[in-house]
Amino acid sequence: MASPPPPGSRMASGEARRGSGGSRRGSAADARKGSVDARKGSVDARKGSTDARKGSVDVRRGSTDIRRGSTDSRRGSTDSRRGSTDARRGSTDSRRGSTDARRGSDAAGRKGSIKSLQESRRESSSSTEASVHGPHRMPWATLVKALGGFKSSLPEIRRDRMLAAYDPLALDKDLEPYDSTISPPEVKVWGDHEPLSKIPYKILSGHEQSVTSCHFCVSDAKLLSGSYDCTVRLWDVFDGTVIREFEPRPKAPVLGCSVTADSTRVVASSYDKTVRVWDLETGQMLWKIRHDTFAVSCKFSPNGKFVVSALDVDRGLCVVDAENITTVIQVKDHHKRSITSCCFDSDSLRVASVSLDKSIKIWDITSQATLLTIPKAHSNAISDCCFTFSGHFLCTSSWDKTLKIWNVHTGEFRNRGACVTLMRGHEGCVSSCSFARDSSFLISGGYDKTVAIWDVGEGYRKLSLKGHDDWVMNVAVSNNKKWILSASKDKTMRLWNIEQIDKIPLVIEYKKSMGLKVKQCKGCDRPFSSFGSDSPSEIFTRCVFCRREGKDIPEDGSSSSEG
């Protein structure tokens with residue numbers, strides 16, 4: 001029979017069992033603790049990855065802001081472009097770091113993501129500081145505006161340097177000295193601004209709206225003007241100042257004005273349906289007539305006894321005795337459409353009128369009948385008319401860009417020789433026309449902003465005067481033929497000195513280009529032109545005026561081609 005184990009062995013085995021049980025318990029507890037720690041580590045890793053994602057989102061936002069800042073910096077300077085490029089690189093590194101942070105869930109990954117985030121933030125902050133606190137601290141828009149203002153002020157500075165008192169009509173005056181280190185721009189002081197044509201002129205400013213009418217008076221020492229600003233003014237030729245404004249002024253725009261040949265009275269018509277007459281010397285209003293419709297034009301007769309007015313809606317004429325203020329003639333429906341202008345002949349017996357209906361009519365005051373009607377005289381509305389001082393010919397200007405000279409006895413248009421070129425001179429509608437006293441030349445104004453000077457005897461345009469900024473509304477010639485006056489829609493008048501026009505290189509060159517030869521008149525020593533193709537029997541040694549006095553050609557005719 002087997003003997004029982006000794007007590008020590010039992011105890012040892014029990015302790016062994018207990019130790020194994022305790023080891024089992026300890027290992028299980030340690031395992032549990034390790035799994036808990038692992039779970040906590042995974043949770044921390046998840047939190048770290050979440051923080052990394054948030055950091056990457058912040059990095060993306062920062063990179064977007066950096067891109068916006070880099071766009072502004074590109075406009076500003078090259079340094080900002082480089083800074084934006086570095087910012088893009090930093091944002092790319094931050095994206096890569098955030099990707100690594102997502103992949104690694106351990107502490108090293110967290111540290112790497114944190115490190116990458118810190119580096120990206122440092123780089124973005126450094127790029128932002130470079131764009132904000134770089135060498136260009138002033139905003140670019142402000143800098144450009146400041147430079148633009150400085151550049152635009154240079155012409156003004158130069159202009160102010162040239163604003164010395166310069167009177168082109170007094171060419172012997174000297175300019176005030178100025179700093180020669182500044183090169184001033186070329187000053188345009190001539191009428192048409194062409195290098196070979198130098199016509200001195202004065203600008204008369206003062207009207208507030210379009211100047212509609214202008215005239216010479218008082219032996220060419222004074223000027224008369226009417227304007228849309230409801231004023232009629234008297235000017236001094238020499239200093240260009242306003243001597244008088246006639247009162248009481250019309251209550252509506254002035255459409256036309258005129259002065260007697262002896263410069264004693266002034267007449268003006270207005271949109272207020274009135275015709276007013278003032279004494280030129282005192283400025284006192286003598287009388288006023290009110291019509292039922294607009295008086296678009298008014299003229300004194302050469303003898304000063306009558307005033308003719310063109311009525312708009314009535315399409316008629318009204319002739320008033322200027323002495324006793326009685327109506328001599330009242331004609332309605334004289335034209336089919338509104339009358340644009342009217343004028344007396346040199347004998348103060350006939351009145352010519354032109355209209356929007358393209359026709360010309362001549363009315364006889366004595367017989368109170370129409371002497372001549374020329375229908376369809378132009379292809380568009382006729383704007384103005386004027387007689388030669390002998391009364392044999394009438395010139396008309398039209399919106400068809402042409403002028404025509406008519407024989408008032410036959411009603412024929414002189415379309416050969418001297419007048420054929422009058423149809424080629426203006427690029428726009430012709431608004432007005434006026435003969436010189438001896439009919440040697442004709443001037444016209446147009447909506448092309450120019451004043452044309454025509455040689456009636458030789459049949460060509462001598463010169464085109466440019467300078468007005470808007471339509472030329474009216475023109476006038478002084479009695480001594482030295483001055484031309486033009487009124488414009490640009491609110492100014494211009495006084496042109498044409499005394500030396502035949503000696504201007506541009507006029508001489510134009511004559512040569514037309515085959516004209518410039519000769520010296522043996523009778524008056526005046527230069528005159530003749531065609532190079534003239535036969536020996538047609539070669540003249542005297543000008544048209546001396547030939548006319550010698551009865552070589554018909555009176556008032558400047559060429560054998562007159563009608």
# chains A, B, ... in the order shown; residues from 1 in each chain; ligands from 1
$ select_by_dssp --residues "segment 291-519 of chain A" --states "strand (DSSP E or B)" --output "number ranges by chain"
A: 295-300, 306-311, 316-321, 326-331, 339-344, 350-355, 360-364, 369-374, 382-387, 393-398, 403-407, 412-413, 430-435, 441-446, 450-455, 460-466, 472-477, 483-488, 492-497, 516-519
$ residues_around --residues "segment 254-261 of chain A" --least-positions-apart "3" --cutoff "6 Å" --atoms "only C-alpha atoms" --output "list in words"
Ser213, Gly226, Ser227, Tyr228, Cys230, Arg265, Val266, Val267, Ala268, Ser269, Ser270, Val296, Ser297, Lys299, Phe300, Pro302 and Gly304 of chain A
$ closest_atom_pairs --of "segment 206-248 of chain A" --to "segment 426-439 of chain A" --cutoff "12 Å" --atoms "only C-alpha atoms" --output "CSV"
residue,atom,partner,partner_atom,distance
A:Thr212,CA,A:Ser431,CA,10.5
A:Ser213,CA,A:Ser432,CA,9.9
A:Cys214,CA,A:Ser432,CA,11.0
A:His215,CA,A:Ser434,CA,10.6
$ write_last_selection --atoms "all heavy atoms" --output "compact mmCIF listing (two decimals), in the first residue's frame"
# COMPACT_ATOMS: atom_id res chain seq x y z
N THR A 212 -25.17 133.17 -81.66
CA THR A 212 -25.94 132.92 -82.88
C THR A 212 -25.70 133.94 -83.98
O THR A 212 -25.94 133.65 -85.15
CB THR A 212 -27.43 132.87 -82.56
OG1 THR A 212 -27.81 134.11 -81.93
CG2 THR A 212 -27.75 131.73 -81.62
N SER A 213 -25.27 135.15 -83.62
CA SER A 213 -25.16 136.22 -84.62
C SER A 213 -24.01 137.15 -84.26
O SER A 213 -23.71 137.36 -83.08
CB SER A 213 -26.48 137.00 -84.68
OG SER A 213 -26.45 137.95 -85.72
N CYS A 214 -23.35 137.69 -85.29
CA CYS A 214 -22.23 138.61 -85.05
C CYS A 214 -22.13 139.60 -86.21
O CYS A 214 -22.44 139.26 -87.36
CB CYS A 214 -20.92 137.85 -84.88
SG CYS A 214 -20.44 136.84 -86.30
N HIS A 215 -21.68 140.85 -85.90
CA HIS A 215 -21.58 141.91 -86.91
C HIS A 215 -20.48 142.89 -86.51
O HIS A 215 -20.19 143.07 -85.32
CB HIS A 215 -22.90 142.67 -87.05
CG HIS A 215 -24.05 141.82 -87.49
ND1 HIS A 215 -24.30 141.53 -88.81
CD2 HIS A 215 -25.00 141.19 -86.76
CE1 HIS A 215 -25.37 140.76 -88.89
NE2 HIS A 215 -25.82 140.53 -87.66
$ closest_residue --among "A:His335, A:Lys305, A:Lys376, A:Lys401" --to "Leu349 of chain A" --atoms "only C-alpha atoms"
A:Lys305
$ residues_around --residues "Ile443 of chain A" --least-positions-apart "5" --cutoff "12 Å" --atoms "only C-alpha atoms" --output "number ranges by chain"
A: 385-386, 395-397, 403, 422, 425-426, 430-437, 450-456, 460-465, 472, 474-478, 481, 483-486, 496, 498
$ atom_distance --atom1 "atom CA of Ser225 of chain A" --atom2 "atom CA of Ile339 of chain A"
21.4 Å
$ residues_around --residues "Val328 of chain A" --least-positions-apart "2" --cutoff "8 Å" --atoms "only C-alpha atoms" --output "VMD selection string"
chain A and resid 318 to 321 326 330
$ atom_distance --atom1 "atom CA of Lys489 of chain A" --atom2 "atom CA of His207 of chain A"
10.2 Å
$ atom_distance --atom1 "atom CA of Leu371 of chain A" --atom2 "atom CA of Asn407 of chain A"
12.8 Å
$ residues_around --residues "Ile382 of chain A" --least-positions-apart "5" --cutoff "9 Å" --atoms "only C-alpha atoms" --output "NGL selection string"
:A and (339-341 or 354-360 or 377 or 396-400 or 430-431)
$ write_last_selection --atoms "all heavy atoms" --output "short mmCIF file (atom, residue, chain, number, x, y, z; two decimals), in the first residue's frame"
data_model
loop_
_atom_site.label_atom_id
_atom_site.label_comp_id
_atom_site.auth_asym_id
_atom_site.auth_seq_id
_atom_site.Cartn_x
_atom_site.Cartn_y
_atom_site.Cartn_z
N ILE A 339 -39.12 129.66 -92.80
CA ILE A 339 -38.06 130.49 -93.37
C ILE A 339 -36.87 130.49 -92.40
O ILE A 339 -37.03 130.60 -91.20
CB ILE A 339 -38.57 131.92 -93.60
CG1 ILE A 339 -39.73 131.90 -94.61
CG2 ILE A 339 -37.46 132.83 -94.10
CD1 ILE A 339 -40.37 133.26 -94.84
N THR A 340 -35.69 130.35 -92.95
CA THR A 340 -34.47 130.30 -92.12
C THR A 340 -33.71 131.62 -92.10
O THR A 340 -33.04 131.94 -91.13
CB THR A 340 -33.53 129.19 -92.62
OG1 THR A 340 -33.27 129.39 -94.03
CG2 THR A 340 -34.16 127.81 -92.43
N SER A 341 -33.80 132.42 -93.19
CA SER A 341 -33.07 133.68 -93.25
C SER A 341 -33.68 134.60 -94.30
O SER A 341 -34.35 134.15 -95.24
CB SER A 341 -31.59 133.42 -93.58
OG SER A 341 -30.85 134.63 -93.58
N VAL A 354 -34.92 132.54 -97.81
CA VAL A 354 -34.63 131.12 -98.06
C VAL A 354 -35.31 130.31 -96.98
O VAL A 354 -35.62 130.81 -95.89
CB VAL A 354 -33.11 130.85 -98.09
CG1 VAL A 354 -32.48 131.53 -99.29
CG2 VAL A 354 -32.45 131.32 -96.80
N SER A 355 -35.51 129.03 -97.28
CA SER A 355 -36.38 128.24 -96.41
C SER A 355 -35.92 126.79 -96.32
O SER A 355 -35.05 126.34 -97.07
CB SER A 355 -37.82 128.30 -96.95
OG SER A 355 -38.64 127.34 -96.34
N LEU A 356 -36.53 126.08 -95.38
CA LEU A 356 -36.32 124.64 -95.28
C LEU A 356 -36.89 123.89 -96.47
O LEU A 356 -36.58 122.71 -96.66
CB LEU A 356 -36.96 124.11 -93.99
CG LEU A 356 -36.37 124.61 -92.66
CD1 LEU A 356 -37.16 124.02 -91.49
CD2 LEU A 356 -34.91 124.22 -92.53
N ASP A 357 -37.74 124.56 -97.27
CA ASP A 357 -38.31 123.91 -98.44
C ASP A 357 -37.37 123.93 -99.65
O ASP A 357 -37.77 123.59 -100.76
CB ASP A 357 -39.66 124.54 -98.81
CG ASP A 357 -39.53 126.01 -99.23
OD1 ASP A 357 -38.39 126.50 -99.35
OD2 ASP A 357 -40.57 126.67 -99.40
N LYS A 358 -36.09 124.35 -99.43
CA LYS A 358 -35.02 124.34 -100.44
C LYS A 358 -35.21 125.38 -101.53
O LYS A 358 -34.53 125.33 -102.57
CB LYS A 358 -34.90 122.95 -101.09
CG LYS A 358 -34.85 121.80 -100.12
CD LYS A 358 -34.89 120.46 -100.84
CE LYS A 358 -35.07 119.31 -99.86
NZ LYS A 358 -35.16 118.01 -100.57
N SER A 359 -36.11 126.34 -101.34
CA SER A 359 -36.39 127.32 -102.39
C SER A 359 -35.88 128.70 -102.00
O SER A 359 -35.61 128.99 -100.84
CB SER A 359 -37.90 127.39 -102.66
OG SER A 359 -38.56 127.98 -101.56
N ILE A 360 -35.75 129.57 -103.05
CA ILE A 360 -35.34 130.97 -102.88
C ILE A 360 -36.46 131.84 -103.45
O ILE A 360 -36.98 131.57 -104.54
CB ILE A 360 -34.02 131.25 -103.62
CG1 ILE A 360 -32.91 130.31 -103.15
CG2 ILE A 360 -33.60 132.70 -103.44
CD1 ILE A 360 -31.65 130.39 -104.01
N ALA A 377 -33.57 124.92 -105.18
CA ALA A 377 -32.27 125.54 -105.45
C ALA A 377 -31.12 124.71 -104.90
O ALA A 377 -30.01 124.74 -105.43
CB ALA A 377 -32.24 126.95 -104.84
N THR A 396 -26.22 131.73 -101.58
CA THR A 396 -26.98 130.91 -100.63
C THR A 396 -26.10 129.79 -100.09
O THR A 396 -25.29 129.21 -100.82
CB THR A 396 -28.23 130.31 -101.29
OG1 THR A 396 -27.84 129.55 -102.45
CG2 THR A 396 -29.20 131.41 -101.72
N SER A 397 -26.28 129.50 -98.82
CA SER A 397 -25.57 128.37 -98.19
C SER A 397 -26.61 127.35 -97.76
O SER A 397 -27.74 127.69 -97.41
CB SER A 397 -24.78 128.85 -96.98
OG SER A 397 -25.63 129.44 -96.01
N SER A 398 -26.19 126.09 -97.76
CA SER A 398 -27.17 125.03 -97.56
C SER A 398 -26.63 123.92 -96.68
O SER A 398 -25.41 123.75 -96.50
CB SER A 398 -27.60 124.44 -98.92
OG SER A 398 -28.39 123.28 -98.75
N TRP A 399 -27.56 123.13 -96.16
CA TRP A 399 -27.19 121.93 -95.40
C TRP A 399 -26.67 120.82 -96.30
O TRP A 399 -26.24 119.78 -95.80
CB TRP A 399 -28.41 121.43 -94.62
CG TRP A 399 -28.80 122.34 -93.49
CD1 TRP A 399 -28.18 123.50 -93.12
CD2 TRP A 399 -29.91 122.18 -92.62
NE1 TRP A 399 -28.83 124.08 -92.06
CE2 TRP A 399 -29.90 123.29 -91.72
CE3 TRP A 399 -30.91 121.22 -92.47
CZ2 TRP A 399 -30.86 123.45 -90.71
CZ3 TRP A 399 -31.86 121.38 -91.48
CH2 TRP A 399 -31.82 122.48 -90.61
N ASP A 400 -26.72 121.03 -97.61
CA ASP A 400 -26.14 120.03 -98.52
C ASP A 400 -24.63 120.22 -98.69
O ASP A 400 -24.03 119.67 -99.61
CB ASP A 400 -26.85 120.05 -99.88
CG ASP A 400 -26.67 121.39 -100.62
OD1 ASP A 400 -25.89 122.23 -100.13
OD2 ASP A 400 -27.31 121.57 -101.66
N VAL A 430 -23.35 123.89 -94.30
CA VAL A 430 -22.92 125.29 -94.31
C VAL A 430 -24.01 126.11 -93.63
O VAL A 430 -25.18 126.04 -94.02
CB VAL A 430 -22.65 125.79 -95.73
CG1 VAL A 430 -22.02 127.19 -95.69
CG2 VAL A 430 -21.75 124.83 -96.48
N SER A 431 -23.63 126.88 -92.62
CA SER A 431 -24.62 127.58 -91.81
C SER A 431 -24.81 129.04 -92.20
O SER A 431 -25.88 129.61 -91.97
CB SER A 431 -24.21 127.52 -90.34
OG SER A 431 -22.95 128.15 -90.15
#
$ closest_residue --among "A:Ile508, A:Leu204, A:Val218, A:Ile362" --to "Asn479 of chain A" --atoms "only C-alpha atoms"
A:Val218
$ residues_around --residues "Gly283 of chain A" --least-positions-apart "2" --cutoff "12 Å" --atoms "only C-alpha atoms" --output "VMD selection string"
chain A and resid 232 to 234 243 to 249 264 to 267 276 to 281 285 to 286
$ closest_residue --among "A:Gln284, A:Arg290, A:Asp314, A:Met493" --to "Thr327 of chain A" --atoms "only C-alpha atoms"
A:Arg290
$ select_by_dssp --residues "segment 452-513 of chain A" --states "helix (DSSP H, G or I)" --output "PyMOL selection string"
chain A and resi 501-503+505-513
